[in-house]
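K.L.:
My structure is stored as run39.cif, with mmCIF, C-alpha atoms and all ligand atoms.
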data_my_file
#
loop_
_atom_site.label_atom_id
_atom_site.label_comp_id
_atom_site.auth_asym_id
_atom_site.auth_seq_id
_atom_site.Cartn_x
_atom_site.Cartn_y
_atom_site.Cartn_z
CA MET A 776 -25.08 -15.64 20.12
CA ASN A 777 -22.52 -18.42 20.63
CA ASP A 778 -20.52 -18.64 23.82
CA VAL A 779 -17.18 -16.91 23.48
CA LYS A 780 -14.39 -19.47 23.63
CA ILE A 781 -11.13 -18.15 25.07
CA PHE A 782 -7.99 -20.25 24.86
CA GLU A 783 -4.23 -19.99 24.70
CA VAL A 784 -2.09 -20.65 21.66
CA LYS A 785 1.68 -20.99 21.48
CA SER A 786 2.75 -18.91 18.53
CA LYS A 787 6.26 -19.48 17.14
CA ASN A 788 7.02 -15.80 17.06
CA LEU A 789 4.66 -14.21 19.58
CA GLY A 790 4.89 -16.84 22.32
CA THR A 791 1.84 -17.77 24.39
CA VAL A 792 -1.13 -15.53 23.63
CA GLN A 793 -4.77 -15.54 24.66
CA VAL A 794 -7.21 -15.65 21.78
CA LEU A 795 -10.92 -15.96 21.14
CA HIS A 796 -12.42 -18.50 18.75
CA ARG A 797 -14.15 -16.99 15.71
CA ASP A 798 -17.06 -18.44 13.80
CA CYS A 799 -17.48 -17.15 10.24
CA PRO A 800 -17.92 -13.38 10.66
CA LEU A 801 -20.28 -13.26 7.67
CA CYS A 802 -22.70 -16.18 8.21
CA GLY A 803 -21.86 -17.39 11.74
CA ARG A 804 -20.84 -20.97 10.77
CA ASP A 805 -18.32 -22.77 12.96
CA ASN A 806 -15.67 -23.99 10.50
CA SER A 807 -13.48 -25.75 13.10
CA GLY A 808 -13.91 -29.10 11.35
CA GLU A 809 -13.02 -27.77 7.91
CA ILE A 810 -9.58 -27.92 6.30
CA ASP A 811 -7.34 -24.89 6.55
CA ASN A 812 -6.77 -22.45 3.73
CA GLU A 813 -3.30 -22.79 2.12
CA TYR A 814 -2.25 -19.39 3.48
CA SER A 815 -2.52 -20.45 7.12
CA TYR A 816 0.66 -19.68 9.05
CA ASP A 817 1.94 -20.75 12.44
CA VAL A 818 -1.10 -21.04 14.76
CA TRP A 819 -3.05 -18.57 12.61
CA THR A 820 -5.37 -20.82 10.66
CA ILE A 821 -7.22 -19.20 7.80
CA LYS A 822 -10.59 -20.72 6.85
CA ASP A 823 -12.70 -20.42 3.72
CA CYS A 824 -16.20 -20.74 5.17
CA ALA A 825 -17.80 -23.96 3.96
CA SER A 826 -21.16 -22.24 3.88
CA CYS A 827 -20.63 -18.74 2.45
CA GLY A 828 -16.99 -18.80 1.27
CA PHE A 829 -15.80 -15.92 3.44
CA THR A 830 -12.05 -16.02 4.22
CA TYR A 831 -10.93 -15.27 7.77
CA ILE A 832 -8.56 -16.25 10.58
CA ASP A 833 -10.53 -18.45 12.99
CA LYS A 834 -9.10 -16.95 16.15
CA GLY A 835 -8.40 -13.40 17.21
CA PRO A 836 -6.79 -11.50 20.03
CA ASP A 837 -8.59 -10.72 23.24
CA TYR A 838 -9.09 -6.93 23.05
CA ALA A 839 -7.99 -6.52 26.65
CA LYS A 840 -4.60 -7.91 25.65
CA LEU A 841 -4.38 -6.20 22.29
CA PHE A 842 -1.96 -3.51 23.28
CA GLU A 843 0.11 -5.75 25.52
CA GLU A 844 0.85 -9.00 23.73
CA LEU A 845 -0.27 -8.26 20.22
CA SER A 846 0.57 -4.63 19.66
CA TRP A 847 0.88 -3.37 16.13
CA GLU A 848 4.57 -2.68 16.67
CA THR A 849 5.25 -6.23 17.88
CA THR A 850 3.35 -8.01 15.16
CA THR A 851 4.68 -5.69 12.47
CA LYS A 852 8.26 -6.57 13.41
CA VAL A 853 7.39 -10.26 13.50
CA GLU A 854 5.65 -9.99 10.15
CA GLU A 855 8.60 -8.20 8.54
CA GLN A 856 10.87 -10.97 9.78
CA ARG A 857 8.51 -13.68 8.52
CA ARG A 858 8.60 -12.19 5.06
CA ALA A 859 12.35 -11.64 5.14
CA ASP A 860 12.86 -15.30 6.12
CA LEU A 861 10.48 -16.55 3.48
CA ARG A 862 12.46 -15.49 0.47
CA PRO A 863 14.77 -12.50 0.71
CA MET A 864 14.73 -11.62 -2.98
CA GLY A 865 10.97 -11.91 -3.24
CA TYR A 866 10.61 -9.78 -0.16
CA LYS A 867 12.84 -7.06 -1.57
CA ALA A 868 10.99 -7.19 -4.89
CA SER A 869 7.68 -6.83 -3.08
CA LYS A 870 8.93 -3.79 -1.18
CA LEU A 871 10.20 -2.20 -4.38
CA THR A 872 6.91 -2.91 -6.13
CA ARG A 873 5.03 -1.22 -3.35
CA MET A 874 7.34 1.78 -3.50
CA ARG A 875 6.61 2.10 -7.21
CA MET A 876 2.89 1.83 -6.56
CA HIS A 877 3.11 4.72 -4.12
CA LEU A 878 4.19 6.92 -7.00
CA LEU A 879 0.76 6.48 -8.52
CA PRO A 880 -2.08 8.77 -7.44
CA ARG A 881 -3.86 7.38 -4.41
CA LYS A 882 -7.46 7.78 -3.48
CA GLN A 883 -7.97 10.30 -0.76
CA MET A 884 -10.65 9.74 1.82
CA ASN A 885 -11.21 13.45 2.37
CA LEU A 886 -11.97 13.94 -1.30
CA MET A 887 -14.27 10.94 -1.24
CA LEU A 888 -16.08 12.45 1.75
CA ASP A 889 -16.60 15.67 -0.20
CA ALA A 890 -17.98 13.70 -3.11
CA TRP A 891 -20.29 11.30 -1.28
CA ALA A 892 -21.23 12.73 2.12
CA LYS A 893 -23.27 15.62 3.32
CA PRO A 894 -21.50 17.99 5.77
CA GLY A 895 -21.94 17.07 9.44
CA ASN A 896 -20.33 14.86 12.05
CA VAL A 897 -17.94 12.22 10.69
CA ILE A 898 -16.79 9.20 12.69
CA ASP A 899 -13.47 7.50 11.92
CA ALA A 900 -13.30 3.91 13.20
CA GLY A 901 -9.88 3.05 14.63
CA CYS A 902 -8.81 6.66 14.17
CA GLY A 903 -5.30 6.33 15.62
CA ASP A 904 -3.93 9.72 16.64
CA GLY A 905 -6.52 11.43 14.42
CA GLY A 906 -3.97 12.65 11.89
CA GLN A 907 -5.93 11.14 9.02
CA MET A 908 -8.82 13.48 9.76
CA ASN A 909 -6.65 16.54 9.18
CA ASN A 910 -7.75 18.86 6.42
CA LEU A 911 -11.43 17.92 6.44
CA THR A 912 -13.48 20.32 4.38
CA PRO A 913 -15.19 22.93 6.60
CA GLY A 914 -18.62 21.65 7.59
CA PHE A 915 -17.31 18.18 8.51
CA VAL A 916 -16.70 17.71 12.26
CA PRO A 917 -14.21 14.95 13.21
CA PHE A 918 -15.05 12.20 15.69
CA GLY A 919 -13.27 8.92 16.31
CA VAL A 920 -13.09 5.68 18.25
CA GLU A 921 -9.68 4.34 19.19
CA VAL A 922 -8.69 1.45 21.47
CA SER A 923 -5.19 2.73 22.33
CA THR A 924 -5.32 5.16 25.24
CA ASP A 925 -2.34 7.23 24.10
CA LEU A 926 -3.52 7.54 20.52
CA ALA A 927 -7.10 8.31 21.62
CA LYS A 928 -5.81 11.15 23.81
CA SER A 929 -3.93 12.72 20.89
CA ALA A 930 -6.96 12.30 18.62
CA HIS A 931 -9.28 13.84 21.19
CA GLU A 932 -7.06 16.90 21.53
CA ARG A 933 -6.98 17.26 17.78
CA PHE A 934 -10.72 16.69 17.19
CA SER A 935 -11.93 18.85 20.08
CA GLN A 936 -10.35 21.90 18.43
CA SER A 937 -12.96 21.49 15.69
CA GLY A 938 -15.87 20.66 17.97
CA GLY A 939 -15.45 16.86 17.74
CA ALA A 940 -14.23 14.17 20.13
CA CYS A 941 -12.53 10.78 20.33
CA VAL A 942 -13.83 7.90 22.45
CA ASN A 943 -11.18 5.60 23.95
CA ALA A 944 -12.72 2.13 23.54
CA PRO A 945 -12.89 -0.88 21.23
CA THR A 946 -14.85 0.23 18.17
CA LEU A 947 -18.09 -1.62 18.88
CA ALA A 948 -18.31 -0.31 22.46
CA GLY A 949 -17.28 3.18 21.36
CA LEU A 950 -19.95 3.35 18.66
CA ARG A 951 -22.60 2.32 21.18
CA SER A 952 -21.92 5.52 23.12
CA PHE A 953 -23.34 7.64 20.29
CA PRO A 954 -27.06 8.27 19.69
CA ASP A 955 -28.94 7.13 16.57
CA GLY A 956 -28.30 9.17 13.45
CA TYR A 957 -25.50 11.26 14.99
CA PHE A 958 -23.23 11.17 11.94
CA SER A 959 -23.57 12.10 8.29
CA ALA A 960 -20.63 9.85 7.40
CA ALA A 961 -18.21 7.24 8.68
CA THR A 962 -14.73 6.37 7.45
CA LEU A 963 -13.16 2.92 7.88
CA ARG A 964 -9.69 3.11 6.41
CA SER A 965 -7.59 -0.05 6.64
CA TYR A 966 -9.68 -0.92 9.67
CA LEU A 967 -12.31 -3.59 8.92
CA GLU A 968 -9.72 -6.26 8.10
CA HIS A 969 -8.53 -6.00 11.74
CA GLU A 970 -11.96 -6.11 13.36
CA MET A 971 -12.92 -9.15 15.41
CA ASN A 972 -16.65 -8.43 14.90
CA PRO A 973 -16.98 -6.74 11.51
CA LEU A 974 -20.71 -7.39 10.97
CA PRO A 975 -21.83 -6.05 14.39
CA VAL A 976 -19.60 -3.01 13.79
CA LEU A 977 -21.21 -2.36 10.39
CA ARG A 978 -24.67 -2.71 11.96
CA GLU A 979 -23.71 -0.22 14.63
CA ILE A 980 -22.35 2.17 12.03
CA TYR A 981 -25.67 1.89 10.20
CA ARG A 982 -27.43 2.89 13.43
CA VAL A 983 -25.27 5.93 14.16
CA LEU A 984 -25.53 7.22 10.58
CA GLN A 985 -28.41 9.46 9.71
CA PRO A 986 -30.80 8.26 6.98
CA GLY A 987 -28.97 8.76 3.69
CA GLY A 988 -25.60 8.72 5.48
CA VAL A 989 -22.57 6.97 3.99
CA ALA A 990 -19.66 4.87 5.21
CA ILE A 991 -16.50 4.97 3.11
CA ILE A 992 -14.41 1.83 3.35
CA LYS A 993 -10.88 0.92 2.36
CA VAL A 994 -9.71 -2.68 2.90
CA PRO A 995 -7.13 -5.00 1.30
CA ASN A 996 -8.62 -6.82 -1.70
CA TYR A 997 -8.11 -10.56 -1.22
CA GLY A 998 -9.27 -10.99 -4.80
CA CYS A 999 -6.38 -8.91 -6.23
CA TRP A 1000 -3.91 -10.34 -8.72
CA ASN A 1001 -0.92 -9.54 -6.53
CA ARG A 1002 -2.19 -12.02 -3.90
CA MET A 1003 -2.41 -14.69 -6.56
CA VAL A 1004 1.14 -13.90 -7.77
CA MET A 1005 2.83 -13.35 -4.40
CA GLY A 1006 0.97 -16.08 -2.48
CA ASN A 1007 1.69 -15.94 1.23
CA LYS A 1008 4.14 -13.09 0.63
CA TRP A 1009 1.25 -10.81 -0.36
CA CYS A 1010 1.32 -7.58 1.67
CA GLY A 1011 -2.34 -8.09 2.67
CA PHE A 1012 -1.42 -11.02 4.92
CA ARG A 1013 -0.65 -9.98 8.48
CA TYR A 1014 -0.78 -12.72 11.07
CA PRO A 1015 -2.81 -12.21 13.19
CA ASP A 1016 -3.53 -8.50 12.65
CA HIS A 1017 -5.61 -9.02 9.55
CA LEU A 1018 -8.45 -11.26 10.64
CA ASN A 1019 -10.80 -10.73 7.68
CA TYR A 1020 -9.93 -11.17 3.98
CA PHE A 1021 -12.54 -9.38 1.88
CA THR A 1022 -13.26 -9.61 -1.80
CA PRO A 1023 -15.60 -7.11 -3.49
CA LYS A 1024 -18.30 -9.80 -3.37
CA SER A 1025 -17.93 -10.71 0.31
CA LEU A 1026 -17.66 -7.08 1.45
CA LYS A 1027 -20.87 -6.34 -0.42
CA LYS A 1028 -22.62 -9.33 1.17
CA MET A 1029 -21.62 -8.26 4.67
CA ALA A 1030 -22.54 -4.61 4.10
CA MET A 1031 -25.95 -5.60 2.73
CA LYS A 1032 -26.51 -7.87 5.72
CA ALA A 1033 -25.92 -4.80 7.89
CA GLY A 1034 -28.64 -2.98 5.95
CA PHE A 1035 -26.55 -0.91 3.56
CA GLY A 1036 -26.76 -0.32 -0.14
CA VAL A 1037 -23.32 -0.75 -1.69
CA HIS A 1038 -21.72 1.30 -4.42
CA TYR A 1039 -18.41 0.55 -6.10
CA GLY A 1040 -16.93 3.28 -8.31
CA ILE A 1041 -15.46 2.16 -11.62
CA THR A 1042 -11.92 1.94 -10.21
CA TYR A 1043 -12.74 1.01 -6.61
CA THR A 1044 -12.17 -2.74 -6.93
CA LEU A 1045 -9.54 -3.09 -9.64
CA PRO A 1046 -7.71 -6.43 -9.26
CA THR A 1047 -4.46 -4.59 -10.05
CA SER A 1048 -4.61 -2.85 -6.66
CA ASP A 1049 -3.90 -4.47 -3.28
CA ASN A 1050 -6.72 -2.38 -1.78
CA MET A 1051 -10.32 -1.72 -2.64
CA TYR A 1052 -12.87 0.95 -1.77
CA ALA A 1053 -16.60 0.91 -1.20
CA ILE A 1054 -19.32 3.43 -0.48
CA LEU A 1055 -21.99 2.04 1.87
CA ARG A 1056 -25.23 4.02 2.02
CA ARG A 1057 -28.23 4.07 4.27
CA GLU A 1058 -30.88 4.10 1.60
CA ASP A 1059 -33.72 5.23 3.84
CA GLY A 1060 -33.06 8.91 3.32
CA PRO A 1061 -31.89 11.47 0.80
CA SER A 1062 -28.27 11.18 -0.22
CA LYS A 1063 -26.03 12.22 -3.02
CA LEU A 1064 -26.87 10.09 -6.02
CA PRO A 1065 -24.24 7.78 -7.45
CA ARG A 1066 -22.31 9.25 -10.28
CA ALA A 1067 -20.13 7.50 -12.82
CA LYS A 1068 -17.29 9.65 -11.56
CA CYS A 1069 -17.28 11.38 -8.20
CA GLY A 1070 -15.38 14.41 -9.51
CA SER A 1071 -12.73 14.18 -6.80
CA GLY A 1072 -10.06 12.71 -9.05
CA CYS A 1073 -10.27 9.47 -7.11
CA CYS A 1074 -12.28 7.50 -9.68
ZN ZN B 1101 -19.72 -18.13 6.35
#
Can you present the structure in this file as structure tokens?
Ligand SMILES: [Zn+2]

P.N.:
Amino acid sequence: MNDVKIFEVKSKNLGTVQVLHRDCPLCGRDNSGEIDNEYSYDVWTIKDCASCGFTYIDKGPDYAKLFEELSWETTTKVEEQRRADLRPMGYKASKLTRMRMHLLPRKQMNLMLDAWAKPGNVIDAGCGDGGQMNNLTPGFVPFGVEVSTDLAKSAHERFSQSGGACVNAPTLAGLRSFPDGYFSAATLRSYLEHEMNPLPVLREIYRVLQPGGVAIIKVPNYGCWNRMVMGNKWCGFRYPDHLNYFTPKSLKKMAMKAGFGVHYGITYTLPTSDNMYAILRREDGPSKLPRAKCGSGCC
């Protein structure tokens, strides 16, 4: 593994922040010498890997500082302002468009769990306060990993009522605290785009899943039409919160590199949606077979 390079950058909006250099998270290439992607902003340079084509920001926050200098609240406010400055009318139109999209039926992770996973322990990566694991079907026991101490505490209280638990740690470290094959399923909702080390996390998820277990993933789709229309005003860009910009092809490549089989439902990767979904399966054990429709109303 390469030495971790820590350095300071002076961001226009966030001030001086400590960051770690990132090689391509998919193939490991150092793209420092390559030209920046057109969507780079401020000090947050986006690279299209010269070797495998993966799109990513080539530096990321030091986890120890994450909830000091680069908290979600701080960067969200900065991001809102960046978009407002960019073009007020376009910004308003984008917000309205998203409001309209919310009127459409949305895929529900719990229903996808029912369709694809066998009952058992379920781990939610970056689980926040655990609220997203409410209303699991009986038979599924909620677990989580969460880096924020306050949120992890809330999640732990919530999960422990159903026999589960939440570990307060960065995801990779948190996953390492569980034994092999402990979970029947994992959920990664709007999480993997934030992760500094997405491939090691997927490999660790593979390890903690039982043979035949599944990971259900939701990430922004960099290949969507809205990104092509909206350019750097696309809602999937968050500097520097979103470090990884997946397309259906690159997510599949990374998941397969971690050992998984990958299944996309008919509607999981539509270019008309800002987000996409994937079912990752450990194929070394019995699991629910793919169906054209999962029966949950989500396909
Ligand atoms: Zn690469």

K.L.:
Between A:Thr962, A:Asn788, A:Ser935, A:Ser929, single out the one closest to A:Leu984, counting all atoms listed in the file.

P.N.:
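Closest residue, counting all atoms listed in the file: A:Thr962.
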
K.L.:
Quick one: residues within 8 Å of A:Leu801, all atoms listed in the file, excluding same-chain residues fewer than 5 positions away - as a CSV table (one decimal) with C-alpha atoms, keeping the file's coordinate frame?

P.N.:
chain,number,residue,atom,x,y,z
A,827,CYS,CA,-20.6,-18.7,2.4
A,829,PHE,CA,-15.8,-15.9,3.4
A,974,LEU,CA,-20.7,-7.4,11.0
A,1028,LYS,CA,-22.6,-9.3,1.2
A,1029,MET,CA,-21.6,-8.3,4.7

K.L.:
Write as a PyMOL selection string the residues around ligand ZN 1101 (chain B), taking 8 Å as the cut-off and counting all atoms listed in the file.

P.N.:
chain A and resi 798-804+823-829

K.L.:
Please report the interatomic distance between atom CA of A:His1038 and atom CA of A:Asn885 in Å with one decimal.

P.N.:
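Atom-to-atom, atom CA of A:His1038 to atom CA of A:Asn885, that is 17.4 Å.
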
K.L.:
What is the atom CA of A:Asp837-atom CA of A:Trp1009 distance in Å, reported with one decimal?

P.N.:
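According to the coordinates, atom CA of A:Asp837 and atom CA of A:Trp1009 are separated by 25.6 Å.
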
K.L.:
Using all atoms listed in the file, find the one residue out of A:Val922, A:Ala900, A:Leu947, A:Ile832 that sits nearest to A:Leu963.

P.N.:
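Comparing A:Val922, A:Ala900, A:Leu947, A:Ile832 against A:Leu963, the winner is A:Ala900.
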
K.L.:
Pick from A:Gly939, A:Gly1011, A:Gly901, A:Gly1034: nearest to A:Pro986, with all atoms listed in the file counted?

P.N.:
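Closest to A:Pro986, using all atoms listed in the file: A:Gly1034.
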
K.L.:
Which residues of stretch 896-920 of chain A come within 10 Å of stretch 989-998 of chain A, and for each one, what is the closest pair of atoms and their distance in Å to one decimal, counting only C-alpha atoms, sorted by chain and residue number, as CSV?

P.N.:
residue,atom,partner,partner_atom,distance
A:Val897,CA,A:Ala990,CA,9.3
A:Ile898,CA,A:Ala990,CA,9.1
A:Asp899,CA,A:Ala990,CA,9.5

K.L.:
Please list as number ranges by chain every residue within 7 Å of stretch 943-945 of chain A, counting all atoms listed in the file and excluding residues in the same chain fewer than 4 positions away.

P.N.:
A: 920-924, 927, 949

K.L.:
Atom CA of A:Asn1001 to atom CA of A:Asp1049: how many Å, to one decimal?

P.N.:
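Separating atom CA of A:Asn1001 from atom CA of A:Asp1049 is a distance of 6.7 Å.
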